[in-house]
Amino acid sequence: MFNYKKYYLFFSMVLLLSFSFACSEAQEIIKEVPVEVIKEVPVEVVKEVQVEVEKVVEVDKIKEVPVEVIKEVEVIKEVQVEKVVKEVLEIEKPAGKLVVYSGRKESLVGPIIEQFQSMTGIEVEVNYGTSTEIASQLMLEGDKSPADVFYAQDPGAVGSVVDMLAPLSVDILEPIPDWAKSDQGKWVGVTGRARVLVYNTDNVSPDDLPLTLNGLCDEKWKGRMGWAPTNSSFQTMVTGMRQIWGEEKTKEWIECMIANEVAVYPKNTPQVEAAGKSEIDIGLVNHYYLYKFVLDAGEGDQFKARNHHLLGGGPGSLVMVSPVAILSTSENKSNAEQFVTFMTSKIAQNYFVNNIREYPLIEGVKTHPLITPMGDIKQPDINLSELADIEGSAKLLQEAGALPK
Amino acid sequence: MFAINRILIFFIFILFCVPFIFLFEFGVTEIFNSIENLFSINYLNLITNTLILVVSVTVTSSIIGLFLSWATEMCDLKYKKIWRILLIIPLVIPSYFAGYIFILFYGPKGEIFDFINSLGFTGNIPNIYGFWGAWVCLSSLCYPYAYLNLSAGLKSVDRKLEDASRVLGYNHFKTFYKIILPNIKTSFFAGGVLIALYTLSDFGAVSALQYNTFTLAIYTKFRSFDLNGAAASSIILVLISIPIIYYAINMSIINSSRISQRPSNLSNIKLFDLKKYQPLVQFILFIIVLISFIIPFIMIFTLISRTNLGIYETFSVIKYSSIYNTIIGSSLTGILCVIISLLVILNLSKKNTILRYFFESVMHFGFTLPGIVIALSFVYFSINYMFPIYQTWVILILGYTVLFLSTAYGPIVTSVNLIGDRYINASKSLGKGPINTLINISIPLYRPGIIKGFLNVFILTAKELPVTLILAPLNFNTLSTVIWDNLEEANFSTAGVAGLLLIIIIIIPTYLSIHIDDIKIKFINRKK
């Protein structure tokens, strides 16, 4: 007699597997990107190129309008037409593939990479992870690395593997301002992230906040602050301090922060969360995490924390970049160059500005209306490639007692 | 046949030595260079902190696990089926996620505080940051290891012993303490060791709860690109774990020499009648489930509800491939771990004590080391010696296996030790070949251990993060990477939905494993 119950487990597993197989074939829904409209342009448009290009002249005026107003999207489409014509021609070449190691999360860069893929026909394969771990992975891989492009969260990670990188062409380097690219021409910044103080709006008025980071040593902030010493953005800021203030003064600052009972968080988001709940009154974070919380919380001022850019400048107002670089062992150099060019193009910059609210680094792209314009930030005069020495900063943090030895 | 076994075991040995090749290559010289660091107050503080947490979490979780397995396996507990599932689920919550949720609820300004505040109380609630938070959080995550191991052990114990003991005048509790407990000692220690090693290597929960343990030192070094320093610290972590592992192995070897027993006849178990204590036991179970499952579950829903998006849009962000990868990867790893455990146990039992000693310790080290160390050592190994499998499923599954084999090995070795080789010898003497015996006699007898071992590995793999991130093929994601990604970027709703899906995926095999026992009981009853 066939006892079906004996095979219960087997059948269920088969069902489960077939279910997941079926699911995996289903079409995946892609996050909507403001500029996705491109795909819909019929190929015949190519013939009308002349007409369309004339319209491009208007573009700069039109772009003054905030991008978020839905009615304007159609206008932006016209800007893109010119791009599409270019890309349609490029597809005719054999496209090939590209391996990207991304220290930025899939939820941030996935949509824009997908767009690059559909525009150029290049098959992009991505290894997502944290910047520092990917840097360690690249060090171990050495010459055999399958990676073509390394796109990191901060200059420190790229700096630690700088020997493995190929110099970039002048065309790529040219549009990026000097402070935001490698002095050896080995990487360029894609977008900027500002260091800010996130403060609780109930307990702190922005007028009370200090002019520089030194002001945080004041007795009145005792037990009211948070930081994330293991976070790489924080460590990059410490590197900036060492450049600007010198080792001794930086160490003093770290020690006085510890004496002021600063709470230790593992990374940025919990600090923003804590500031919103008045668990702490001041946190040292990057600027863009806050907006997710504010927008999620809905209308009005439900989330009780805001960003503050230090008025007195110094290392506390550092603007960092997320750099992209090409590996010297890359076998798809031309594709890699296309990728880097794309990331620093207006399309990609617009995407980062609108979806992540980071600072654009090329001329002609407007900052997001929610964030403080770059011109109002008292940026220290420092080239970001000087900030690669994360190891030194970690040592200093260890000596000062902020990190275990 | 014999030769093939030996060759396979040889390769398994090599596989488990991969992390050590890496550690020796990068760490040994560094240890001697920084010897003075080892004796700095800072370092000793970290080690003491770590040990205090390890001991307290292990003891708490083991006691909870013992109570739970007694309640669900030996008593006439009501709603047993549901409890058995609910009690295992906390295993699935990744510890970095658990830490976050924990703070949302118990934090200085968390939900509890809001609730108390709304009642008119305006003080501060006890601070969860530091030892107490880490202790409660990790205990609530870890007790299922003890529970799974102990209930597998209880299922394998010969209940005739219990009858004999009762006839000879011991009451239920005395029997449990004097007869049953010594028999499941192996399970007890196997579970305890898993908990101790998990606590030792955990980083997510302890860092979220602001309690510094030794893994923080390792991660700090990795984050400042100091590979040598990180390897050196990892070697020290291995050294710390040696006493725990030594103790564990000794216990299992002592126990394996005990008399062979008959497997329990599931249909005949006499359950302890709880009588008027039924509500009390139910209440205790409820409290445990409340802390370890219901509260995290509610917090996941609050995370999901934070967004302005509709539920469909939130779901649509998650790619189906991540669900598929999670299920396939975890199942394959589970199966491989079960096969390797059986292969090793059956081939190295008793006669090769030294080899087995060596293998068991190396295997436990895999679980001690933080995932990132295992991952990078496999990168180093495969890039240099096995390039074709780099960034494929193969290397990923091998990485998982090295990390988690000890969690499958524990329950299986318990079952094997309890059953002994009487039935296998009988089968062989009746003329059945080794493969025939294995399929028809051994595996059905070891079934409780095998299922528990598979579940352990399945669940751990489903929530694994560092190895997945580094060793996975390109364009690969699992639910665990989706949770991590979206939690870091403050897309809480997506992280919450992914967490929910992960829990659902775990419930299915857990339910089946429990259900299969019921089928077996019905089957036996019908035959009579």
# chains A, B, ... in the order shown; residues from 1 in each chain; ligands from 1
call {"tool": "interface_residues", "arguments": {"of": "chain A", "to": "chain B", "cutoff": "6 Å", "atoms": "only C-alpha atoms", "output": "MDAnalysis selection string"}}
result
chainID A and resid 20 23:24 105 125:127 129 132 140 266 277 279 296 390:391 404
call {"tool": "residues_around", "arguments": {"residues": "Val272 (chain A)", "least_positions_apart": "2", "cutoff": "12 Å", "atoms": "only C-alpha atoms", "output": "JSON, numbers by chain"}}
result
{"A": [196, 197, 198, 199, 200, 225, 226, 227, 228, 265, 266, 267, 268, 269, 270, 274, 275, 276, 277, 278, 279, 280, 281, 282, 283, 284, 285, 286, 287, 288, 289, 290, 291, 292, 293, 294, 303, 304, 305, 306, 307], "B": [488, 489, 490]}
call {"tool": "write_last_selection", "arguments": {"atoms": "N, CA and C atoms", "output": "compact mmCIF listing (two decimals), in the first residue's frame"}}
result
# COMPACT_ATOMS: atom_id res chain seq x y z
N VAL A 196 27.10 66.57 10.07
CA VAL A 196 26.24 67.54 10.76
C VAL A 196 26.06 67.12 12.22
N LEU A 197 25.48 68.02 12.99
CA LEU A 197 24.96 67.64 14.30
C LEU A 197 23.48 67.40 14.12
N VAL A 198 22.97 66.27 14.57
CA VAL A 198 21.52 66.09 14.59
C VAL A 198 21.08 66.38 16.01
N TYR A 199 20.09 67.28 16.16
CA TYR A 199 19.72 67.68 17.52
C TYR A 199 18.23 67.52 17.73
N ASN A 200 17.85 67.34 18.99
CA ASN A 200 16.44 67.20 19.34
C ASN A 200 15.80 68.57 19.44
N MET A 225 25.05 63.62 24.59
CA MET A 225 25.51 63.44 23.21
C MET A 225 25.70 61.96 22.84
N GLY A 226 25.71 61.72 21.53
CA GLY A 226 26.01 60.38 21.03
C GLY A 226 26.99 60.46 19.87
N TRP A 227 27.77 59.40 19.67
CA TRP A 227 28.62 59.32 18.48
C TRP A 227 28.78 57.86 18.09
N ALA A 228 29.44 57.60 16.97
CA ALA A 228 29.63 56.23 16.49
C ALA A 228 31.07 56.03 16.07
N TYR A 265 27.16 54.66 19.84
CA TYR A 265 26.22 53.95 18.98
C TYR A 265 26.99 53.21 17.90
N PRO A 266 26.40 52.11 17.37
CA PRO A 266 27.14 51.36 16.37
C PRO A 266 27.21 52.06 15.01
N LYS A 267 26.25 52.91 14.69
CA LYS A 267 26.29 53.61 13.41
C LYS A 267 25.39 54.82 13.43
N ASN A 268 25.11 55.38 12.25
CA ASN A 268 24.38 56.65 12.19
C ASN A 268 22.90 56.56 12.51
N THR A 269 22.19 55.60 11.86
CA THR A 269 20.73 55.58 12.00
C THR A 269 20.24 55.51 13.45
N PRO A 270 20.82 54.64 14.30
CA PRO A 270 20.32 54.60 15.68
C PRO A 270 20.50 55.95 16.39
N ALA A 274 17.64 57.99 18.07
CA ALA A 274 17.76 58.38 19.48
C ALA A 274 17.55 59.88 19.66
N ALA A 275 18.06 60.67 18.71
CA ALA A 275 17.89 62.12 18.82
C ALA A 275 16.42 62.49 18.66
N GLY A 276 15.73 61.79 17.78
CA GLY A 276 14.31 62.06 17.56
C GLY A 276 13.47 61.75 18.79
N LYS A 277 13.94 60.77 19.60
CA LYS A 277 13.19 60.40 20.79
C LYS A 277 13.72 61.07 22.05
N SER A 278 14.64 62.00 21.87
CA SER A 278 15.31 62.70 22.96
C SER A 278 16.03 61.75 23.92
N GLU A 279 16.45 60.61 23.39
CA GLU A 279 17.33 59.74 24.17
C GLU A 279 18.68 60.42 24.30
N ILE A 280 19.11 61.09 23.21
CA ILE A 280 20.25 62.01 23.28
C ILE A 280 19.77 63.33 22.70
N ASP A 281 20.51 64.42 22.99
CA ASP A 281 20.12 65.70 22.43
C ASP A 281 20.92 66.06 21.20
N ILE A 282 22.16 65.54 21.12
CA ILE A 282 22.99 65.84 19.97
C ILE A 282 23.65 64.55 19.50
N GLY A 283 23.64 64.33 18.19
CA GLY A 283 24.38 63.20 17.63
C GLY A 283 25.28 63.69 16.52
N LEU A 284 26.43 62.98 16.32
CA LEU A 284 27.34 63.35 15.25
C LEU A 284 27.12 62.40 14.08
N VAL A 285 26.48 62.89 13.01
CA VAL A 285 26.10 61.99 11.92
C VAL A 285 26.31 62.63 10.55
N ASN A 286 25.98 61.85 9.49
CA ASN A 286 25.93 62.42 8.13
C ASN A 286 24.54 62.99 7.90
N HIS A 287 24.43 63.91 6.95
CA HIS A 287 23.18 64.69 6.88
C HIS A 287 21.97 63.92 6.37
N TYR A 288 22.15 62.89 5.51
CA TYR A 288 20.98 62.45 4.74
C TYR A 288 20.09 61.42 5.42
N TYR A 289 20.50 60.85 6.55
CA TYR A 289 19.65 59.85 7.20
C TYR A 289 18.36 60.48 7.74
N LEU A 290 18.49 61.72 8.19
CA LEU A 290 17.38 62.37 8.87
C LEU A 290 16.11 62.40 8.04
N TYR A 291 16.25 62.65 6.72
CA TYR A 291 15.06 62.92 5.90
C TYR A 291 14.15 61.71 5.79
N LYS A 292 14.76 60.50 5.83
CA LYS A 292 13.93 59.29 5.81
C LYS A 292 13.02 59.27 7.03
N PHE A 293 13.59 59.59 8.18
CA PHE A 293 12.80 59.59 9.42
C PHE A 293 11.72 60.66 9.35
N VAL A 294 12.11 61.86 8.90
CA VAL A 294 11.16 62.97 8.88
C VAL A 294 10.01 62.65 7.92
N PHE A 303 8.59 64.10 13.77
CA PHE A 303 9.90 63.58 14.15
C PHE A 303 10.73 64.73 14.69
N LYS A 304 11.08 64.65 15.97
CA LYS A 304 11.60 65.82 16.65
C LYS A 304 13.12 65.92 16.61
N ALA A 305 13.68 65.85 15.40
CA ALA A 305 15.12 66.09 15.29
C ALA A 305 15.38 66.79 13.97
N ARG A 306 16.39 67.62 13.96
CA ARG A 306 16.79 68.33 12.73
C ARG A 306 18.32 68.35 12.64
N ASN A 307 18.79 68.63 11.42
CA ASN A 307 20.23 68.75 11.21
C ASN A 307 20.71 70.15 11.50
N GLU B 488 20.19 49.74 7.57
CA GLU B 488 21.27 50.73 7.55
C GLU B 488 20.81 52.03 6.90
N GLU B 489 19.99 51.92 5.87
CA GLU B 489 19.60 53.11 5.13
C GLU B 489 18.28 53.69 5.64
N ALA B 490 17.82 53.19 6.78
CA ALA B 490 16.59 53.69 7.41
C ALA B 490 15.34 53.49 6.57
call {"tool": "residues_around", "arguments": {"residues": "Ile244 (chain A)", "least_positions_apart": "4", "cutoff": "12 Å", "atoms": "only C-alpha atoms", "output": "PyMOL selection string"}}
result
chain A and resi 237-240+248-250+313-318+379-383+386-387
call {"tool": "write_last_selection", "arguments": {"atoms": "C-alpha atoms", "output": "mmCIF file, in the first residue's frame"}}
result
data_model
loop_
_atom_site.group_PDB
_atom_site.id
_atom_site.type_symbol
_atom_site.label_atom_id
_atom_site.label_comp_id
_atom_site.auth_asym_id
_atom_site.auth_seq_id
_atom_site.Cartn_x
_atom_site.Cartn_y
_atom_site.Cartn_z
ATOM 1 C CA MET A 237 36.016 63.136 10.099
ATOM 2 C CA VAL A 238 38.628 62.331 12.742
ATOM 3 C CA THR A 239 41.190 62.097 9.957
ATOM 4 C CA GLY A 240 40.078 65.560 8.888
ATOM 5 C CA GLU A 248 47.489 66.371 19.905
ATOM 6 C CA LYS A 249 44.434 68.601 19.736
ATOM 7 C CA THR A 250 42.339 65.847 18.143
ATOM 8 C CA GLY A 313 33.373 75.629 10.073
ATOM 9 C CA GLY A 314 36.292 73.323 10.866
ATOM 10 C CA PRO A 315 36.350 69.532 10.618
ATOM 11 C CA GLY A 316 32.786 69.315 11.910
ATOM 12 C CA SER A 317 31.523 70.802 8.642
ATOM 13 C CA LEU A 318 33.417 68.398 6.457
ATOM 14 C CA GLN A 379 33.636 73.600 4.379
ATOM 15 C CA PRO A 380 37.206 73.259 5.626
ATOM 16 C CA ASP A 381 39.773 73.802 2.906
ATOM 17 C CA ILE A 382 40.994 70.259 2.535
ATOM 18 C CA ASN A 383 41.422 67.750 -0.281
ATOM 19 C CA GLU A 386 44.320 63.515 2.337
ATOM 20 C CA LEU A 387 41.704 61.711 4.416
#
call {"tool": "select_by_dssp", "arguments": {"residues": "region 269-395 of chain A", "states": "alpha helix (DSSP H)", "output": "PyMOL selection string"}}
result
chain A and resi 269-276+289-297+333-343+346-355+390-395
call {"tool": "residues_around", "arguments": {"residues": "Pro175 (chain A)", "least_positions_apart": "3", "cutoff": "12 Å", "atoms": "only C-alpha atoms", "output": "VMD selection string"}}
result
chain A and resid 169 to 172 178 to 181 188 to 190 341 343 to 346 360 to 364
call {"tool": "closest_atom_pairs", "arguments": {"of": "region 259-348 of chain B", "to": "region 140-145 of chain B", "cutoff": "10 Å", "atoms": "only C-alpha atoms", "output": "CSV"}}
result
residue,atom,partner,partner_atom,distance
B:Ile288,CA,B:Ser140,CA,7.8
B:Val289,CA,B:Ser140,CA,8.9
B:Ile291,CA,B:Ser140,CA,7.1
B:Ser292,CA,B:Ser140,CA,5.0
B:Phe293,CA,B:Ser140,CA,8.6
call {"tool": "select_by_dssp", "arguments": {"residues": "region 160-225 of chain A", "states": "strand (DSSP E)", "output": "PDB file with C-alpha atoms, in the first residue's frame"}}
result
ATOM      1  CA  LEU A 165      43.568  51.506  -8.960  1.00  0.00           C
ATOM      2  CA  ALA A 166      44.057  52.739 -12.523  1.00  0.00           C
ATOM      3  CA  TRP A 187      39.151  58.235  -8.061  1.00  0.00           C
ATOM      4  CA  VAL A 188      36.396  60.808  -8.351  1.00  0.00           C
ATOM      5  CA  GLY A 189      33.601  61.623  -5.957  1.00  0.00           C
ATOM      6  CA  VAL A 190      30.083  60.886  -7.149  1.00  0.00           C
ATOM      7  CA  THR A 191      28.073  62.679  -4.498  1.00  0.00           C
ATOM      8  CA  GLY A 192      28.731  64.619  -1.324  1.00  0.00           C
ATOM      9  CA  ARG A 193      27.620  63.938   2.244  1.00  0.00           C
ATOM     10  CA  ALA A 194      27.952  66.586   4.923  1.00  0.00           C
ATOM     11  CA  ARG A 195      28.847  65.927   8.549  1.00  0.00           C
ATOM     12  CA  VAL A 196      26.238  67.537  10.763  1.00  0.00           C
ATOM     13  CA  LEU A 197      24.965  67.639  14.299  1.00  0.00           C
ATOM     14  CA  VAL A 198      21.522  66.094  14.586  1.00  0.00           C
ATOM     15  CA  TYR A 199      19.722  67.684  17.521  1.00  0.00           C
ATOM     16  CA  ASN A 200      16.441  67.198  19.340  1.00  0.00           C
ATOM     17  CA  MET A 225      25.511  63.439  23.210  1.00  0.00           C
TER      18      MET A 225
END
call {"tool": "residues_around", "arguments": {"residues": "Tyr400 (chain B)", "least_positions_apart": "6", "cutoff": "8 Å", "atoms": "only C-alpha atoms", "output": "MDAnalysis selection string"}}
result
chainID B and resid 333 461 467
call {"tool": "residues_around", "arguments": {"residues": "region 273-286 of chain B", "least_positions_apart": "4", "cutoff": "9 Å", "atoms": "only C-alpha atoms", "output": "NGL selection string"}}
result
:B and (68 or 71 or 75-78 or 83 or 87 or 290-291)
call {"tool": "write_last_selection", "arguments": {"atoms": "C-alpha atoms", "output": "PDB file, in the first residue's frame"}}
result
ATOM      1  CA  LEU B  68      10.916  24.301  28.069  1.00  0.00           C
ATOM      2  CA  ALA B  71       7.347  21.134  29.587  1.00  0.00           C
ATOM      3  CA  CYS B  75       4.267  16.915  30.305  1.00  0.00           C
ATOM      4  CA  ASP B  76       0.689  16.840  29.122  1.00  0.00           C
ATOM      5  CA  LEU B  77       1.020  20.482  28.144  1.00  0.00           C
ATOM      6  CA  LYS B  78      -1.912  21.934  26.240  1.00  0.00           C
ATOM      7  CA  TRP B  83       4.365  26.250  21.704  1.00  0.00           C
ATOM      8  CA  LEU B  87       9.605  28.678  21.059  1.00  0.00           C
ATOM      9  CA  LEU B 290       6.250  37.337  24.882  1.00  0.00           C
ATOM     10  CA  ILE B 291       9.789  38.576  25.386  1.00  0.00           C
TER      11      ILE B 291
END
call {"tool": "residues_around", "arguments": {"residues": "Ile300 (chain B)", "least_positions_apart": "4", "cutoff": "10 Å", "atoms": "only C-alpha atoms", "output": "list in words"}}
result
Phe97, Ala98, Ile101, Ile294, Ile295, Pro296, Ile304, Ser305, Phe492, Ser493, Ala495, Gly496, Val497, Ala498, Gly499 and Leu500 of chain B
call {"tool": "atom_distance", "arguments": {"atom1": "CA of Thr29 (chain B)", "atom2": "CA of Phe367 (chain B)"}}
result
24.1 Å
call {"tool": "atom_distance", "arguments": {"atom1": "CA of Pro369 (chain A)", "atom2": "CA of Phe339 (chain A)"}}
result
27.5 Å
